[in-house]
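Here is the structure we will look at.
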Amino acid sequence: MKSLSLKVSTSVVSLALALAGCGLISSDISKITFDLPTETYTFDTSMWGNLPMGMVPSVPCTSDMDCCTAATLVGMSCTSPQLDCNTSTSTCEASVPESASSSINLAMQVPQLQDFGGKALSNVTISKITYSVSNNTMNIDLPAMTIYLAPDKVTDPTDPRAVPFGTTMPIPKMTDPTNQQVMLVPNASAVFSMFTSDISNPFNIIAATTVKIEGGQPVPMGAVTLSVTGSLSAQL
């Protein structure tokens with residue numbers, strides 16, 4: 001029985017080596033676990049060029065045109081920012097989209113990957129993506145942010161090449177929550193793999209939100225810093 005077992009085992013190994021030699025089985029099945037470099041984004045209202053020039057009119061409305069008319073009467077634009085009628089409250093509100101982006105290069109920024117430039121990551125498993133808030137002086141709650149992954153040079157979250165990756169929770173004013181989980185989209189691993197066919201190629205991470213300013217609400221002031229990082233494993 002021992003002789004038969006040895007022969008079978010030897011045959012299996014020989015077959016595996018033969019298939020590998022033919023390229024049918026990859027000889028590079030190394031799995032590596034690593035942390036993503038921390039990416040930091042600052043949302044500073046002093047840099048926002050699309051804030052209303054005064055308080056959004058606190059008037060009842062049934063259509064967007066009602067809000068535009070009210071804004072014109074007080075010398076405001078109704079297109080920058082966009083003024084809309086909130087149908088659930090029948091009041092006017094301004095929509096202020098804001099985003100920040102950063103570039104990431106895995107082969108350069110992750111020590112465990114520095115010797116694997118030109119290779120792809122496959123079978124990606126995301127352990128966690130987290131964010132922490134610091135220096136929050138905002139006078140309003142910051143709505144939930146959407147995290148996008150995008151090709152290098154793409155910084156606009158509305159660009160069709162920017163792919164949703166996850167979302168944060170809303171950030172209450174004057175608070176600094178830490179180590180919060182990003183709620184990942186169901187296909188987050190596949191999304192990440194889209195941008196790692198060559199880990200030497202940089203790609204962008206975009207954080208975006210739209211601030212809603214209701215009629216009579218103070219104009220947003222202050223700043224907040226968001227830091228995003230994470231852990232994952234993949235095959236090279």
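Residues in the structure tokens are named by chain (A, B, ... in the order shown) and by number from 1 within that chain; ligands are numbered from 1 in the order shown.
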Which residues of stretch 114-138 of chain A have any atom within 8 Å of an atom in stretch 220-225 of chain A when counting only C-alpha atoms, and what is the closest pair of atoms for each, with the distance in Å to one decimal? Order the rows by chain and rising number and write it as a tab-separated table.
```
residue	atom	partner	partner_atom	distance
A:Val133	CA	A:Thr225	CA	5.7
A:Ser134	CA	A:Thr225	CA	5.3
A:Asn135	CA	A:Val224	CA	5.6
A:Asn136	CA	A:Val224	CA	4.3
A:Thr137	CA	A:Gly222	CA	4.8
A:Met138	CA	A:Gly222	CA	4.2
```
Those residues you just picked out, can you put them in a file as a tab-separated table (two decimals), in the first residue's frame with N, CA and C atoms?
```
chain	number	residue	atom	x	y	z
A	133	VAL	N	-11.85	60.99	11.03
A	133	VAL	CA	-12.09	62.42	10.84
A	133	VAL	C	-11.25	63.19	11.85
A	134	SER	N	-10.70	64.32	11.43
A	134	SER	CA	-9.92	65.16	12.34
A	134	SER	C	-10.14	66.63	11.99
A	135	ASN	N	-9.85	67.49	12.96
A	135	ASN	CA	-9.91	68.94	12.78
A	135	ASN	C	-11.25	69.41	12.21
A	136	ASN	N	-12.34	68.84	12.72
A	136	ASN	CA	-13.66	69.16	12.20
A	136	ASN	C	-14.19	70.43	12.85
A	137	THR	N	-14.19	71.52	12.08
A	137	THR	CA	-14.73	72.81	12.57
A	137	THR	C	-16.00	73.20	11.81
A	138	MET	N	-16.58	72.25	11.07
A	138	MET	CA	-17.76	72.56	10.27
A	138	MET	C	-18.94	72.96	11.17
```
Closest contacts (stretch 125-222 of chain A/stretch 54-73 of chain A, max 12 Å, only C-alpha atoms) as a Markdown table:
```
| residue | atom | partner | partner_atom | distance |
| --- | --- | --- | --- | --- |
| A:Lys212 | CA | A:Val56 | CA | 10.6 |
| A:Ile213 | CA | A:Val56 | CA | 7.3 |
| A:Glu214 | CA | A:Val56 | CA | 6.7 |
| A:Gly215 | CA | A:Ser58 | CA | 4.0 |
| A:Gly216 | CA | A:Ser58 | CA | 5.0 |
| A:Gln217 | CA | A:Met55 | CA | 6.8 |
| A:Pro218 | CA | A:Met55 | CA | 6.5 |
| A:Val219 | CA | A:Met55 | CA | 6.3 |
| A:Pro220 | CA | A:Met55 | CA | 10.1 |
```
Can you spit out the residues from that selection as a PDB file, in the first residue's frame, using N, CA and C atoms?
```
ATOM      1  N   LYS A 212     -26.488  69.895   1.278  1.00  0.00           N
ATOM      2  CA  LYS A 212     -27.799  70.502   1.079  1.00  0.00           C
ATOM      3  C   LYS A 212     -27.982  71.630   2.097  1.00  0.00           C
ATOM      4  N   ILE A 213     -28.279  72.832   1.585  1.00  0.00           N
ATOM      5  CA  ILE A 213     -28.475  73.988   2.462  1.00  0.00           C
ATOM      6  C   ILE A 213     -29.941  74.388   2.376  1.00  0.00           C
ATOM      7  N   GLU A 214     -30.677  74.167   3.450  1.00  0.00           N
ATOM      8  CA  GLU A 214     -32.097  74.483   3.458  1.00  0.00           C
ATOM      9  C   GLU A 214     -32.322  75.981   3.651  1.00  0.00           C
ATOM     10  N   GLY A 215     -33.501  76.434   3.242  1.00  0.00           N
ATOM     11  CA  GLY A 215     -33.851  77.840   3.418  1.00  0.00           C
ATOM     12  C   GLY A 215     -33.763  78.260   4.871  1.00  0.00           C
ATOM     13  N   GLY A 216     -33.083  79.372   5.114  1.00  0.00           N
ATOM     14  CA  GLY A 216     -32.918  79.871   6.478  1.00  0.00           C
ATOM     15  C   GLY A 216     -31.753  79.254   7.231  1.00  0.00           C
ATOM     16  N   GLN A 217     -31.106  78.244   6.657  1.00  0.00           N
ATOM     17  CA  GLN A 217     -29.971  77.602   7.318  1.00  0.00           C
ATOM     18  C   GLN A 217     -28.700  78.418   7.098  1.00  0.00           C
ATOM     19  N   PRO A 218     -27.805  78.467   8.099  1.00  0.00           N
ATOM     20  CA  PRO A 218     -26.563  79.220   7.909  1.00  0.00           C
ATOM     21  C   PRO A 218     -25.740  78.696   6.737  1.00  0.00           C
ATOM     22  N   VAL A 219     -25.022  79.579   6.087  1.00  0.00           N
ATOM     23  CA  VAL A 219     -24.103  79.166   5.029  1.00  0.00           C
ATOM     24  C   VAL A 219     -22.981  78.341   5.668  1.00  0.00           C
ATOM     25  N   PRO A 220     -22.597  77.200   5.104  1.00  0.00           N
ATOM     26  CA  PRO A 220     -21.555  76.361   5.708  1.00  0.00           C
ATOM     27  C   PRO A 220     -20.244  77.115   5.907  1.00  0.00           C
TER      28      PRO A 220
END
```
Discussion item. Give me, as a list in words, all polymer residues having an atom no more than 6 Å from stretch 139-142 of chain A, counting only C-alpha atoms and skipping those fewer than 4 positions away in the same chain.
Written reply: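 After dropping sequence-adjacent residues, the list is Pro170, Ile171, Pro172, Lys173 and Met221 of chain A.
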Now that the selection is made, can you save its residues with N, CA and C atoms as a PDB file, in the first residue's frame?
```
ATOM      1  N   PRO A 170     -22.795  59.912   7.546  1.00  0.00           N
ATOM      2  CA  PRO A 170     -22.740  61.370   7.721  1.00  0.00           C
ATOM      3  C   PRO A 170     -21.822  61.722   8.890  1.00  0.00           C
ATOM      4  N   ILE A 171     -21.194  62.886   8.805  1.00  0.00           N
ATOM      5  CA  ILE A 171     -20.262  63.327   9.851  1.00  0.00           C
ATOM      6  C   ILE A 171     -20.878  64.501  10.598  1.00  0.00           C
ATOM      7  N   PRO A 172     -21.299  64.296  11.848  1.00  0.00           N
ATOM      8  CA  PRO A 172     -21.902  65.401  12.601  1.00  0.00           C
ATOM      9  C   PRO A 172     -20.916  66.553  12.782  1.00  0.00           C
ATOM     10  N   LYS A 173     -21.430  67.756  12.808  1.00  0.00           N
ATOM     11  CA  LYS A 173     -20.575  68.940  12.957  1.00  0.00           C
ATOM     12  C   LYS A 173     -19.777  68.881  14.251  1.00  0.00           C
ATOM     13  N   MET A 221     -19.629  76.872   7.050  1.00  0.00           N
ATOM     14  CA  MET A 221     -18.326  77.439   7.376  1.00  0.00           C
ATOM     15  C   MET A 221     -17.496  76.376   8.083  1.00  0.00           C
TER      16      MET A 221
END
```
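Using only C-alpha atoms for every distance, the candidate list A:Met174, A:Ala150, A:Ile32, A:Leu184 yields A:Ile32 as the residue closest to A:Phe116.
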Practice prompt. Would you mind telling me which residue in A:Leu106, A:Leu232, A:Ala144, A:Ile126 lies nearest to A:Asp198 when using only C-alpha atoms?
Written response: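 Checking each of A:Leu106, A:Leu232, A:Ala144, A:Ile126 against A:Asp198, counting only C-alpha atoms, the winner is A:Leu106.
Distance check against A:Tyr41 using only C-alpha atoms: of A:Ser233, A:Gln82, A:Ser95, A:Ser103, the minimum falls on A:Ser103.
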